[in-house]
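Source file: query-v2.csv; contents: CSV, C-alpha atoms.
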```csv
chain,number,residue,atom,x,y,z
W,1,MET,CA,20.0,-7.2,9.9
W,2,TRP,CA,19.5,-6.9,6.1
W,3,THR,CA,19.6,-10.2,4.4
W,4,ALA,CA,20.8,-10.1,0.8
W,5,CYS,CA,18.8,-12.2,-1.6
W,6,VAL,CA,20.6,-14.9,-3.6
W,7,THR,CA,20.9,-14.2,-7.3
W,8,SER,CA,22.4,-16.2,-10.2
W,9,MET,CA,25.1,-13.5,-10.5
W,10,GLU,CA,28.5,-14.8,-9.2
W,11,LYS,CA,29.4,-13.0,-6.0
W,12,GLY,CA,32.7,-11.1,-6.0
W,13,PRO,CA,34.2,-7.8,-5.1
W,14,MET,CA,32.1,-5.8,-7.6
W,15,ASP,CA,28.9,-7.5,-6.4
W,16,ARG,CA,29.8,-6.7,-2.8
W,17,ASP,CA,30.4,-3.1,-3.7
W,18,LEU,CA,27.1,-2.9,-5.5
W,19,ARG,CA,25.3,-4.3,-2.4
W,20,ALA,CA,27.1,-1.9,-0.1
W,21,ARG,CA,26.0,1.0,-2.4
W,22,ALA,CA,22.4,-0.3,-2.4
W,23,TYR,CA,22.4,-0.4,1.4
W,24,GLU,CA,23.8,3.1,1.6
W,25,ILE,CA,21.2,4.5,-0.8
W,26,ALA,CA,18.4,2.9,1.1
W,27,GLN,CA,19.7,4.3,4.4
W,28,LYS,CA,20.2,7.8,3.0
W,29,ALA,CA,17.0,8.1,0.9
W,30,ILE,CA,13.6,9.2,2.2
W,31,LEU,CA,12.2,5.7,1.7
W,32,VAL,CA,8.4,5.7,1.8
W,33,ASP,CA,6.2,2.6,1.7
W,34,THR,CA,2.5,3.6,1.2
W,35,HIS,CA,0.9,0.3,2.5
W,36,ILE,CA,1.8,-1.6,5.5
W,37,ASP,CA,-0.9,-3.5,7.4
W,38,VAL,CA,0.5,-3.4,10.9
W,39,PRO,CA,-2.7,-2.0,12.6
W,40,TYR,CA,-4.9,-4.9,11.5
W,41,ARG,CA,-2.1,-7.4,12.4
W,42,LEU,CA,-2.1,-5.8,15.9
W,43,HIS,CA,-5.9,-6.0,16.0
W,44,LYS,CA,-5.7,-9.7,15.5
W,45,LYS,CA,-2.9,-10.1,18.1
W,46,TRP,CA,-1.0,-7.3,19.8
W,47,GLU,CA,2.7,-7.6,19.9
W,48,ASP,CA,5.6,-5.2,20.6
W,49,VAL,CA,6.8,-4.2,17.2
W,50,SER,CA,9.3,-1.8,18.8
W,51,GLN,CA,11.4,-5.0,19.2
W,52,HIS,CA,12.2,-7.8,16.8
W,53,THR,CA,9.2,-10.0,16.3
W,54,GLU,CA,9.2,-13.6,15.0
W,55,ASN,CA,5.9,-13.0,13.3
W,56,GLY,CA,4.9,-10.5,10.7
W,57,ASP,CA,6.8,-8.4,8.1
W,58,PHE,CA,7.3,-5.2,10.1
W,59,ASP,CA,9.1,-4.2,13.3
W,60,TYR,CA,11.3,-1.3,14.3
W,61,PRO,CA,14.7,-3.2,14.1
W,62,ARG,CA,13.9,-4.6,10.7
W,63,ALA,CA,12.5,-1.3,9.4
W,64,LYS,CA,15.7,0.4,10.5
W,65,ALA,CA,17.9,-2.2,8.8
W,66,GLY,CA,15.9,-1.8,5.6
W,67,GLY,CA,16.2,2.0,5.5
W,68,LEU,CA,12.4,2.6,5.9
W,69,LYS,CA,11.7,6.3,6.9
W,70,VAL,CA,8.0,6.7,6.3
W,71,ALA,CA,5.5,3.8,6.7
W,72,PHE,CA,2.0,4.5,5.8
W,73,MET,CA,0.0,2.5,8.3
W,74,SER,CA,-3.1,1.0,6.6
W,75,ILE,CA,-6.2,1.8,8.6
W,76,TYR,CA,-7.9,-1.2,7.1
W,77,VAL,CA,-11.7,-1.5,7.6
W,78,PRO,CA,-13.1,-4.9,6.3
W,79,ALA,CA,-16.1,-4.4,3.9
W,80,ASP,CA,-18.6,-6.0,6.2
W,81,HIS,CA,-18.4,-3.1,8.7
W,82,GLU,CA,-20.4,-1.0,6.3
W,83,ASP,CA,-23.3,-3.4,6.6
W,84,LYS,CA,-22.8,-3.6,10.4
W,85,GLY,CA,-22.9,0.2,10.7
W,86,ASP,CA,-19.7,0.4,12.8
W,87,ALA,CA,-17.1,1.3,10.1
W,88,LYS,CA,-16.2,4.6,11.6
W,89,ALA,CA,-15.8,3.2,15.1
W,90,PHE,CA,-13.6,0.4,13.7
W,91,ALA,CA,-11.4,2.9,11.9
W,92,GLU,CA,-11.0,4.8,15.1
W,93,GLN,CA,-9.9,1.7,16.9
W,94,MET,CA,-7.3,1.0,14.2
W,95,ILE,CA,-6.0,4.6,14.4
W,96,GLY,CA,-5.8,4.0,18.2
W,97,TYR,CA,-3.3,1.2,17.7
W,98,VAL,CA,-1.0,3.5,15.8
W,99,GLU,CA,-1.3,6.2,18.4
W,100,ARG,CA,-0.6,3.6,21.1
W,101,LEU,CA,2.7,2.6,19.3
W,102,VAL,CA,3.8,6.2,19.4
W,103,ARG,CA,2.6,6.8,22.9
W,104,GLU,CA,4.5,3.7,24.3
W,105,HIS,CA,7.6,4.1,22.1
W,106,PRO,CA,8.1,7.8,21.4
W,107,ASP,CA,11.8,7.2,20.8
W,108,LYS,CA,11.1,4.8,17.9
W,109,PHE,CA,7.9,6.0,16.2
W,110,ALA,CA,6.3,9.3,15.4
W,111,ILE,CA,3.1,10.2,13.5
W,112,VAL,CA,3.5,12.6,10.6
W,113,THR,CA,0.8,14.5,8.6
W,114,SER,CA,2.6,16.6,6.0
W,115,VAL,CA,5.5,16.5,3.6
W,116,ALA,CA,7.2,19.4,5.4
W,117,GLU,CA,7.1,17.3,8.6
W,118,VAL,CA,8.5,14.3,6.8
W,119,ARG,CA,11.4,16.3,5.4
W,120,ARG,CA,12.1,17.9,8.8
W,121,ARG,CA,12.0,14.7,10.8
W,122,TYR,CA,13.1,11.8,8.6
W,123,ALA,CA,16.7,11.9,9.9
W,124,GLU,CA,15.7,11.7,13.6
W,125,GLY,CA,16.1,8.0,13.7
W,126,ARG,CA,12.4,7.2,14.4
W,127,ILE,CA,10.2,5.4,11.9
W,128,LEU,CA,7.7,8.0,10.8
W,129,LEU,CA,4.1,6.7,10.6
W,130,ALA,CA,1.6,8.3,8.2
W,131,LEU,CA,-2.0,7.1,8.0
W,132,GLY,CA,-3.9,5.9,5.0
W,133,MET,CA,-7.4,4.5,5.4
W,134,GLU,CA,-8.1,1.4,3.3
W,135,ASN,CA,-11.9,1.5,2.5
W,136,GLY,CA,-14.0,4.7,2.5
W,137,ALA,CA,-16.8,2.9,4.5
W,138,PRO,CA,-16.0,4.9,7.7
W,139,ILE,CA,-17.2,8.1,6.0
W,140,GLU,CA,-20.7,6.7,6.5
W,141,GLY,CA,-22.3,9.0,4.1
W,142,LYS,CA,-21.3,12.2,5.8
W,143,LEU,CA,-18.8,14.6,4.2
W,144,GLU,CA,-18.0,16.0,7.6
W,145,ASN,CA,-16.4,12.7,8.5
W,146,LEU,CA,-13.7,13.4,6.0
W,147,ARG,CA,-12.7,16.5,8.0
W,148,TYR,CA,-12.9,14.3,11.1
W,149,PHE,CA,-10.5,11.7,9.7
W,150,TYR,CA,-8.2,14.4,8.3
W,151,ASP,CA,-7.9,15.8,11.8
W,152,ARG,CA,-7.1,12.3,13.1
W,153,GLY,CA,-4.2,12.2,10.6
W,154,ILE,CA,-5.6,10.3,7.6
W,155,ARG,CA,-3.7,11.4,4.4
W,156,TYR,CA,-5.1,9.0,1.8
W,157,ILE,CA,-8.3,7.0,1.5
W,158,THR,CA,-8.7,3.9,-0.6
W,159,LEU,CA,-12.3,4.6,-1.8
W,160,ALA,CA,-13.5,0.9,-1.5
W,161,HIS,CA,-12.1,-2.5,-0.6
W,162,SER,CA,-13.4,-6.0,-1.4
W,163,LYS,CA,-17.1,-5.0,-1.8
W,164,SER,CA,-18.8,-2.0,-3.5
W,165,ASN,CA,-19.7,0.6,-0.9
W,166,HIS,CA,-21.7,3.8,-0.7
W,167,ILE,CA,-18.8,5.7,-2.5
W,168,CYS,CA,-18.0,3.5,-5.4
W,169,ASP,CA,-17.8,0.0,-7.0
W,170,SER,CA,-15.0,-2.4,-6.1
W,171,SER,CA,-12.8,-4.3,-8.5
W,172,TYR,CA,-13.4,-7.5,-6.5
W,173,ASP,CA,-17.2,-7.3,-6.5
W,174,SER,CA,-19.5,-8.3,-9.4
W,175,ASN,CA,-22.3,-6.3,-7.8
W,176,ARG,CA,-21.7,-2.8,-9.2
W,177,PRO,CA,-24.6,-0.6,-8.3
W,178,TRP,CA,-23.0,2.7,-9.2
W,179,ARG,CA,-21.3,1.8,-12.5
W,180,GLY,CA,-18.3,3.7,-11.0
W,181,LEU,CA,-18.7,6.4,-8.4
W,182,SER,CA,-21.9,7.1,-6.6
W,183,PRO,CA,-23.2,10.7,-6.6
W,184,PHE,CA,-21.9,10.9,-3.0
W,185,GLY,CA,-18.6,9.5,-4.2
W,186,ARG,CA,-18.1,12.4,-6.5
W,187,GLN,CA,-18.6,14.7,-3.6
W,188,VAL,CA,-16.1,12.7,-1.6
W,189,VAL,CA,-13.4,13.0,-4.2
W,190,ALA,CA,-14.0,16.8,-4.4
W,191,GLU,CA,-13.9,17.2,-0.6
W,192,MET,CA,-10.7,15.1,-0.4
W,193,ASN,CA,-9.2,17.5,-2.8
W,194,ARG,CA,-10.4,20.5,-0.7
W,195,LEU,CA,-9.0,19.0,2.5
W,196,GLY,CA,-5.7,17.7,1.2
W,197,ILE,CA,-6.3,13.9,1.4
W,198,MET,CA,-4.9,11.8,-1.4
W,199,VAL,CA,-7.4,9.8,-3.4
W,200,ASP,CA,-6.3,6.2,-3.7
W,201,VAL,CA,-7.6,4.2,-6.7
W,202,SER,CA,-6.4,0.8,-5.6
W,203,HIS,CA,-9.2,-1.7,-5.2
W,204,ILE,CA,-11.8,0.3,-7.2
W,205,SER,CA,-13.4,-0.7,-10.5
W,206,ASP,CA,-12.2,0.5,-13.8
W,207,GLU,CA,-15.3,2.6,-14.3
W,208,ALA,CA,-14.7,4.2,-10.8
W,209,PHE,CA,-11.1,4.9,-11.8
W,210,ASP,CA,-12.3,6.7,-15.0
W,211,GLN,CA,-14.7,8.8,-13.0
W,212,VAL,CA,-12.2,9.7,-10.3
W,213,LEU,CA,-9.9,11.1,-12.9
W,214,GLU,CA,-12.9,13.1,-14.3
W,215,VAL,CA,-13.7,14.7,-10.9
W,216,THR,CA,-10.3,15.2,-9.2
W,217,ARG,CA,-8.4,18.4,-9.3
W,218,ALA,CA,-5.3,16.8,-7.6
W,219,PRO,CA,-3.1,13.9,-8.6
W,220,VAL,CA,-4.2,10.5,-7.4
W,221,ILE,CA,-2.3,7.5,-6.1
W,222,ALA,CA,-2.6,3.7,-6.4
W,223,SER,CA,-1.3,2.9,-3.0
W,224,HIS,CA,-0.7,-0.8,-3.5
W,225,SER,CA,-1.3,-2.0,-7.0
W,226,SER,CA,0.8,-3.5,-9.8
W,227,CYS,CA,0.6,-4.0,-13.6
W,228,ARG,CA,-2.3,-5.8,-15.3
W,229,ALA,CA,0.1,-6.5,-18.2
W,230,PHE,CA,1.5,-9.3,-16.1
W,231,THR,CA,-1.8,-10.5,-14.7
W,232,PRO,CA,-4.1,-10.4,-17.7
W,233,GLY,CA,-7.8,-9.9,-16.9
W,234,TRP,CA,-7.3,-9.1,-13.2
W,235,GLU,CA,-8.9,-5.8,-12.5
W,236,ARG,CA,-7.2,-5.3,-9.2
W,237,ASN,CA,-4.1,-4.3,-11.1
W,238,LEU,CA,-3.8,-1.3,-13.4
W,239,SER,CA,-3.9,-1.7,-17.2
W,240,ASP,CA,-1.3,0.1,-19.3
W,241,ASP,CA,-3.9,2.7,-20.4
W,242,MET,CA,-4.8,3.4,-16.7
W,243,ILE,CA,-1.2,3.8,-15.9
W,244,ARG,CA,-0.7,6.3,-18.7
W,245,ARG,CA,-3.8,8.3,-17.6
W,246,LEU,CA,-2.8,8.2,-14.0
W,247,ALA,CA,0.6,9.6,-15.0
W,248,ALA,CA,-1.0,12.3,-17.1
W,249,ASN,CA,-2.9,13.3,-14.0
W,250,GLY,CA,0.5,13.6,-12.2
W,251,GLY,CA,-0.1,10.6,-10.0
W,252,VAL,CA,2.0,7.6,-9.0
W,253,VAL,CA,1.6,3.8,-8.9
W,254,GLN,CA,2.9,2.3,-5.7
W,255,VAL,CA,3.9,-1.2,-6.7
W,256,ASN,CA,2.5,-4.0,-4.6
W,257,PHE,CA,5.0,-6.8,-3.7
W,258,GLY,CA,2.6,-9.7,-3.3
W,259,SER,CA,3.3,-12.7,-5.5
W,260,ALA,CA,-0.2,-12.7,-6.9
W,261,PHE,CA,0.2,-9.0,-8.0
W,262,VAL,CA,3.4,-9.6,-9.9
W,263,ASN,CA,3.3,-13.2,-11.1
W,264,ASP,CA,0.3,-14.6,-12.9
W,265,GLU,CA,1.1,-18.2,-12.5
W,266,TYR,CA,1.2,-17.7,-8.7
W,267,ARG,CA,-2.1,-15.8,-8.9
W,268,ARG,CA,-3.9,-18.4,-10.9
W,269,ARG,CA,-2.7,-21.4,-8.9
W,270,SER,CA,-3.4,-19.7,-5.5
W,271,GLU,CA,-6.9,-18.7,-6.7
W,272,ALA,CA,-7.5,-22.3,-7.8
W,273,ALA,CA,-6.3,-23.5,-4.4
W,274,ARG,CA,-8.6,-21.0,-2.6
W,275,ARG,CA,-11.6,-22.4,-4.5
W,276,GLU,CA,-10.7,-26.0,-3.6
W,277,ILE,CA,-10.3,-25.1,0.0
W,278,GLN,CA,-13.5,-23.2,0.2
W,279,ALA,CA,-15.4,-26.1,-1.5
W,280,TYR,CA,-14.0,-28.5,1.1
W,281,LEU,CA,-14.9,-26.3,4.1
W,282,GLN,CA,-18.4,-25.8,2.8
W,283,ALA,CA,-18.9,-29.5,2.1
W,284,HIS,CA,-17.8,-30.3,5.7
W,285,GLY,CA,-19.6,-27.4,7.4
W,286,LEU,CA,-16.4,-25.8,8.6
W,287,SER,CA,-15.6,-22.1,9.1
W,288,PHE,CA,-12.2,-20.8,8.2
W,289,GLN,CA,-11.2,-20.5,11.9
W,290,ASP,CA,-12.2,-24.0,13.0
W,291,PRO,CA,-9.2,-26.1,14.1
W,292,ALA,CA,-10.2,-28.8,11.6
W,293,ALA,CA,-10.3,-26.3,8.8
W,294,GLN,CA,-6.9,-24.9,9.8
W,295,ALA,CA,-5.4,-28.4,9.9
W,296,TYR,CA,-6.9,-29.2,6.4
W,297,ILE,CA,-5.5,-25.9,5.0
W,298,ARG,CA,-2.0,-26.7,6.4
W,299,GLN,CA,-2.1,-30.2,4.9
W,300,TYR,CA,-3.4,-28.9,1.6
W,301,GLN,CA,-0.6,-26.3,1.3
W,302,GLN,CA,2.1,-28.9,2.2
W,303,GLU,CA,0.7,-31.2,-0.5
W,304,HIS,CA,0.2,-28.4,-3.1
W,305,PRO,CA,3.1,-26.0,-2.8
W,306,ILE,CA,3.0,-22.9,-5.0
W,307,PRO,CA,6.4,-21.3,-5.8
W,308,TYR,CA,6.6,-17.7,-4.7
W,309,ALA,CA,7.3,-14.9,-7.1
W,310,ASP,CA,10.8,-13.5,-7.1
W,311,ILE,CA,12.1,-10.0,-6.5
W,312,SER,CA,12.8,-9.8,-10.2
W,313,ASP,CA,9.0,-9.9,-10.8
W,314,VAL,CA,8.6,-6.8,-8.7
W,315,VAL,CA,11.5,-5.0,-10.6
W,316,ARG,CA,9.8,-6.1,-13.9
W,317,CYS,CA,6.7,-4.2,-12.8
W,318,ILE,CA,8.8,-1.1,-11.9
W,319,ASP,CA,10.6,-1.3,-15.3
W,320,HIS,CA,7.3,-1.7,-17.1
W,321,ILE,CA,5.8,1.5,-15.5
W,322,VAL,CA,9.1,3.4,-16.2
W,323,GLN,CA,9.0,2.3,-19.8
W,324,LEU,CA,5.4,3.4,-20.2
W,325,VAL,CA,5.4,6.7,-18.4
W,326,GLY,CA,8.8,7.5,-17.0
W,327,VAL,CA,10.5,7.2,-13.7
W,328,ASP,CA,8.4,10.0,-12.0
W,329,HIS,CA,5.3,7.9,-11.6
W,330,VAL,CA,6.3,4.7,-9.7
W,331,GLY,CA,6.9,4.0,-6.1
W,332,LEU,CA,6.6,1.3,-3.4
W,333,GLY,CA,3.4,0.1,-1.7
W,334,SER,CA,4.6,-3.3,-0.5
W,335,ASP,CA,1.4,-4.6,1.3
W,336,PHE,CA,3.7,-6.0,4.1
W,337,ASP,CA,1.6,-7.7,6.7
W,338,GLY,CA,-1.3,-7.6,4.3
W,339,VAL,CA,-0.6,-10.4,1.8
W,340,GLY,CA,0.2,-13.3,4.2
W,341,ASP,CA,3.1,-15.5,3.3
W,342,SER,CA,2.9,-14.7,-0.4
W,343,LEU,CA,5.7,-12.2,-0.5
W,344,PRO,CA,8.4,-12.8,-3.2
W,345,THR,CA,11.8,-14.3,-2.6
W,346,GLY,CA,14.1,-11.5,-1.7
W,347,LEU,CA,11.4,-9.2,-0.4
W,348,LYS,CA,10.0,-11.0,2.6
W,349,ASP,CA,10.0,-8.1,5.1
W,350,VAL,CA,10.9,-4.5,5.7
W,351,SER,CA,14.6,-5.3,6.2
W,352,MET,CA,14.9,-6.2,2.5
W,353,TYR,CA,14.4,-2.9,0.6
W,354,PRO,CA,18.2,-2.8,-0.1
W,355,ASN,CA,17.7,-5.9,-2.2
W,356,LEU,CA,15.3,-4.0,-4.4
W,357,VAL,CA,17.8,-1.1,-4.7
W,358,TYR,CA,20.5,-3.6,-5.6
W,359,GLU,CA,18.4,-5.0,-8.4
W,360,LEU,CA,17.6,-1.5,-9.7
W,361,LEU,CA,21.3,-0.7,-9.7
W,362,ARG,CA,22.1,-3.9,-11.6
W,363,ARG,CA,19.6,-2.8,-14.2
W,364,GLY,CA,21.4,0.6,-14.6
W,365,TYR,CA,19.1,2.9,-12.6
W,366,SER,CA,20.9,6.0,-11.4
W,367,GLU,CA,20.8,6.9,-7.7
W,368,ALA,CA,18.6,9.9,-8.5
W,369,ALA,CA,16.1,7.7,-10.2
W,370,ILE,CA,16.2,5.2,-7.4
W,371,ARG,CA,15.5,7.9,-4.8
W,372,LYS,CA,12.4,8.9,-6.8
W,373,ILE,CA,11.1,5.4,-6.8
W,374,LEU,CA,11.9,4.9,-3.1
W,375,GLY,CA,9.9,8.0,-2.0
W,376,GLU,CA,10.5,11.3,-3.8
W,377,ASN,CA,7.7,10.6,-6.3
W,378,LEU,CA,5.2,9.9,-3.6
W,379,LEU,CA,6.3,13.0,-1.7
W,380,ARG,CA,5.9,15.1,-4.8
W,381,VAL,CA,2.3,13.9,-5.3
W,382,TRP,CA,1.5,14.4,-1.6
W,383,GLU,CA,2.9,17.9,-1.8
W,384,ARG,CA,0.8,18.7,-4.9
W,385,VAL,CA,-2.3,17.5,-3.1
W,386,GLU,CA,-1.4,19.8,-0.2
W,387,GLN,CA,-1.0,22.7,-2.6
W,388,VAL,CA,-4.4,22.0,-4.3
W,389,ALA,CA,-6.0,22.1,-0.8
W,390,ARG,CA,-4.3,25.4,-0.1
W,391,ASP,CA,-5.6,26.8,-3.4
W,392,TYR,CA,-9.1,25.7,-2.4
W,393,GLY,CA,-8.6,27.6,0.9
W,394,LYS,CA,-7.6,30.7,-0.9
W,395,SER,CA,-10.7,30.6,-3.1
W,396,ASP,CA,-12.8,30.1,0.0
W,397,GLY,CA,-11.1,33.0,1.8
W,398,VAL,CA,-9.2,30.6,4.1
W,399,THR,CA,-5.4,30.8,4.3
W,400,SER,CA,-4.7,27.2,5.3
W,401,ASN,CA,-6.4,23.8,5.8
W,402,GLU,CA,-4.2,22.9,8.8
```

Could you write out this file's structure as structure tokens?
Amino acid sequence: MWTACVTSMEKGPMDRDLRARAYEIAQKAILVDTHIDVPYRLHKKWEDVSQHTENGDFDYPRAKAGGLKVAFMSIYVPADHEDKGDAKAFAEQMIGYVERLVREHPDKFAIVTSVAEVRRRYAEGRILLALGMENGAPIEGKLENLRYFYDRGIRYITLAHSKSNHICDSSYDSNRPWRGLSPFGRQVVAEMNRLGIMVDVSHISDEAFDQVLEVTRAPVIASHSSCRAFTPGWERNLSDDMIRRLAANGGVVQVNFGSAFVNDEYRRRSEAARREIQAYLQAHGLSFQDPAAQAYIRQYQQEHPIPYADISDVVRCIDHIVQLVGVDHVGLGSDFDGVGDSLPTGLKDVSMYPNLVYELLRRGYSEAAIRKILGENLLRVWERVEQVARDYGKSDGVTSNE
């Protein structure tokens, strides 16, 4: 069941009424989360997420309790698969995990590939699973692979991940061979527009972001990013100028819940801890998976605890975007099952979206504005991307891209 977060506000009848209203809004709204890493979690260890699970941030009972209607399953492809030459095959394996969930539990999960399908089916009681591919490496230099993945159900692609690839430079990589998009990457953005695949600018370098906005004819999304204003100098988040330009493009920033994304003290301390742990492992000839390494990491974390961010940090990011560009350009991209145990107090799993609604209500957001944040903004952008693709089809003499 939904677990309400503890706040400093004294609990009473008015507070209970507000929490009840928050729960009701979450249950009624088309709540869309654009980044949940269940497939990679299942790749590491398969478990039945149609039932309550002790591990992870997502399962069917908790998703239902939280009001989640559309969960974009991250088809995450680690960067090293580009060098290995098996990125496309790995993405196919990840898509297969989602298809297996639907095949084994058709009463609880269904794959959706269009906004019309979402609106038609969201009240069925099943969790609707859309597919977003995190890392463009599986395109493998062939534009026809975009059509292949579109036909497999992919509806957004994060152009790069932790390393620069053949499409563009990554915000995490100091090696930036393209100074933005590669020549092929420019073709990829145009072809994604033509097919109706949302372009995702999370993870890419600032120069790549600039060039995407030069090339695209459709709105873009940041599927799981937050505000650089609260993490100065960290390129993984979006600067105020980037948020303004993304909004002018008609796009939406889907706020990442991870503590490092919304609280700079947590980010800096966790980064320092990571460096210390890596230095220890290297000095002792240990790999991350070695039992001795895992024992050291557990001991280190016990001796050097880092306080988590709070749900208020996430709401602060939402407020910041709203103040910059209005309520039409912000949504939710939690990164559940993708940021380990770094989720903020009050937003630890998919059952807790009503806590976020409650905090927004406390700050004076209307139900209409909250519904936009919960999913309507993302659906508007997705619908516009579909329209641009139809317009391409008309100019090509084709009536539909379906």

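Neighbouring residues of region 293-308 of chain W at 8 Å or closer, counting all atoms listed in the file and skipping chain neighbours under 2 positions away, are Ser259, Tyr266, Arg269, Ser270, Ile277, Leu281, Leu286, Ser287, Phe288, Gln289, Asp290, Pro291, Asp310, Ser342, Leu343, Pro344 and Thr345 of chain W.
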
- Query: Closest to Val252 (chain W) among W:Gly185, W:Gly141, W:Gly66, W:Gly326, using all atoms listed in the file?
  - Reply: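 Nearest to Val252 (chain W): W:Gly326.
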
Show which residues sit within 8 Å of Ile25 (chain W), as a short mmCIF file (atom, residue, chain, number, x, y, z; two decimals) with C-alpha atoms, keeping the file's coordinate frame. Count all atoms listed in the file, and ignore same-chain residues fewer than 2 positions away.
```
data_model
loop_
_atom_site.label_atom_id
_atom_site.label_comp_id
_atom_site.auth_asym_id
_atom_site.auth_seq_id
_atom_site.Cartn_x
_atom_site.Cartn_y
_atom_site.Cartn_z
CA ARG W 21 26.00 1.00 -2.40
CA ALA W 22 22.40 -0.30 -2.40
CA TYR W 23 22.40 -0.40 1.40
CA GLN W 27 19.70 4.30 4.40
CA LYS W 28 20.20 7.80 3.00
CA ALA W 29 17.00 8.10 0.90
CA PRO W 354 18.20 -2.80 -0.10
CA VAL W 357 17.80 -1.10 -4.70
CA GLU W 367 20.80 6.90 -7.70
CA ARG W 371 15.50 7.90 -4.80
#
```

### Query
So which one's closest to Val189 (chain W), W:Phe72, W:Tyr60, W:Trp46, W:Phe209? Using all atoms listed in the file, please.
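The closest residue to Val189 (chain W) is W:Phe209.
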
Go through region 103-207 of chain W residue by residue and, counting all atoms listed in the file, keep those with an atom at most 8 Å from region 216-223 of chain W; for each kept residue give the shortest atom pair and its distance in Å to one decimal, ordered by chain and increasing number, as CSV.
```
residue,atom,partner,partner_atom,distance
W:Thr158,CA,W:Ser223,CA,7.8
W:Val189,CA,W:Thr216,CA,6.3
W:Ala190,CA,W:Thr216,CA,6.3
W:Asn193,CA,W:Ala218,CA,6.2
W:Met198,CA,W:Val220,CA,6.2
W:Val199,CA,W:Val220,CA,5.2
W:Asp200,CA,W:Ile221,CA,4.8
W:Val201,CA,W:Ala222,CA,5.0
W:Ser202,CA,W:Ala222,CA,4.8
```

Here CA of Met94 (chain W) and CA of Glu134 (chain W) stand apart by 10.9 Å

* Pairwise distance for CA of Ala292 (chain W) and CA of Gln278 (chain W), rounded to one decimal in Å ->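 Separation between CA of Ala292 (chain W) and CA of Gln278 (chain W): 13.1 Å.
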
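Using all atoms listed in the file, the smallest distance between any of W:Leu42, W:Leu378, W:Val49, W:Met242 and Phe109 (chain W) comes from W:Val49.
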
Hey, can you check how far CA of Ile321 (chain W) sits from CA of Asn263 (chain W)?
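Between these atoms lies a distance of 15.5 Å.
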
Tell me, as a compact mmCIF listing (two decimals) with C-alpha atoms, keeping the file's coordinate frame, which residues lie within 10 Å of Arg62 (chain W), counting only C-alpha atoms; anything in the same chain fewer than 5 positions away does not count.
```txt
# COMPACT_ATOMS: atom_id res chain seq x y z
CA MET W 1 20.00 -7.20 9.90
CA TRP W 2 19.50 -6.90 6.10
CA VAL W 49 6.80 -4.20 17.20
CA SER W 50 9.30 -1.80 18.80
CA GLN W 51 11.40 -5.00 19.20
CA HIS W 52 12.20 -7.80 16.80
CA THR W 53 9.20 -10.00 16.30
CA ASP W 57 6.80 -8.40 8.10
CA GLY W 67 16.20 2.00 5.50
CA LEU W 68 12.40 2.60 5.90
CA ASP W 349 10.00 -8.10 5.10
CA VAL W 350 10.90 -4.50 5.70
CA SER W 351 14.60 -5.30 6.20
CA MET W 352 14.90 -6.20 2.50
```

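Take the candidates W:Leu238, W:Leu379, W:Ala79, W:Val327 and check each one against Ser225 (chain W) using all atoms listed in the file; the shortest distance goes to W:Leu238.
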
Which centre and which edge lengths, in Å to one decimal, describe the axis-aligned box that holds all listed atoms of region 150-157 of chain W after 8 Å is added on each side, as AutoDock Vina command-line options?
```
--center_x -6.0 --center_y 11.4 --center_z 7.3 --size_x 20.6 --size_y 24.8 --size_z 27.6
```

message = I'd like the neighbourhood of Gly180 (chain W) as a ChimeraX atom specification, where a residue qualifies if any of its atoms comes within 9 Å (using all atoms listed in the file), though same-chain residues fewer than 3 positions away should be ignored.
response = /W:167-170,176-177,185,204-212

Using only C-alpha atoms, the best pick from W:Ala71, W:Ala137, W:Ala369, W:Met192 as closest to Phe90 (chain W) would be W:Ala137

| said: Considering only C-alpha atoms, can you say which of W:Ile30, W:Lys163, W:Pro183, W:Lys372 comes closest to Gly125 (chain W)? | reply: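 Answer, going by the shortest atom-to-atom distance: W:Ile30.
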
Using all atoms listed in the file, which protein or nucleic acid residues come within 12 Å of region 144-150 of chain W? Drop anything in the same chain fewer than 3 positions from it, and give the result as a PyMOL selection string.
chain W and resi 75+87-89+91-92+95+113-114+130-133+136-141+153-157+159+185+187-199+401-402
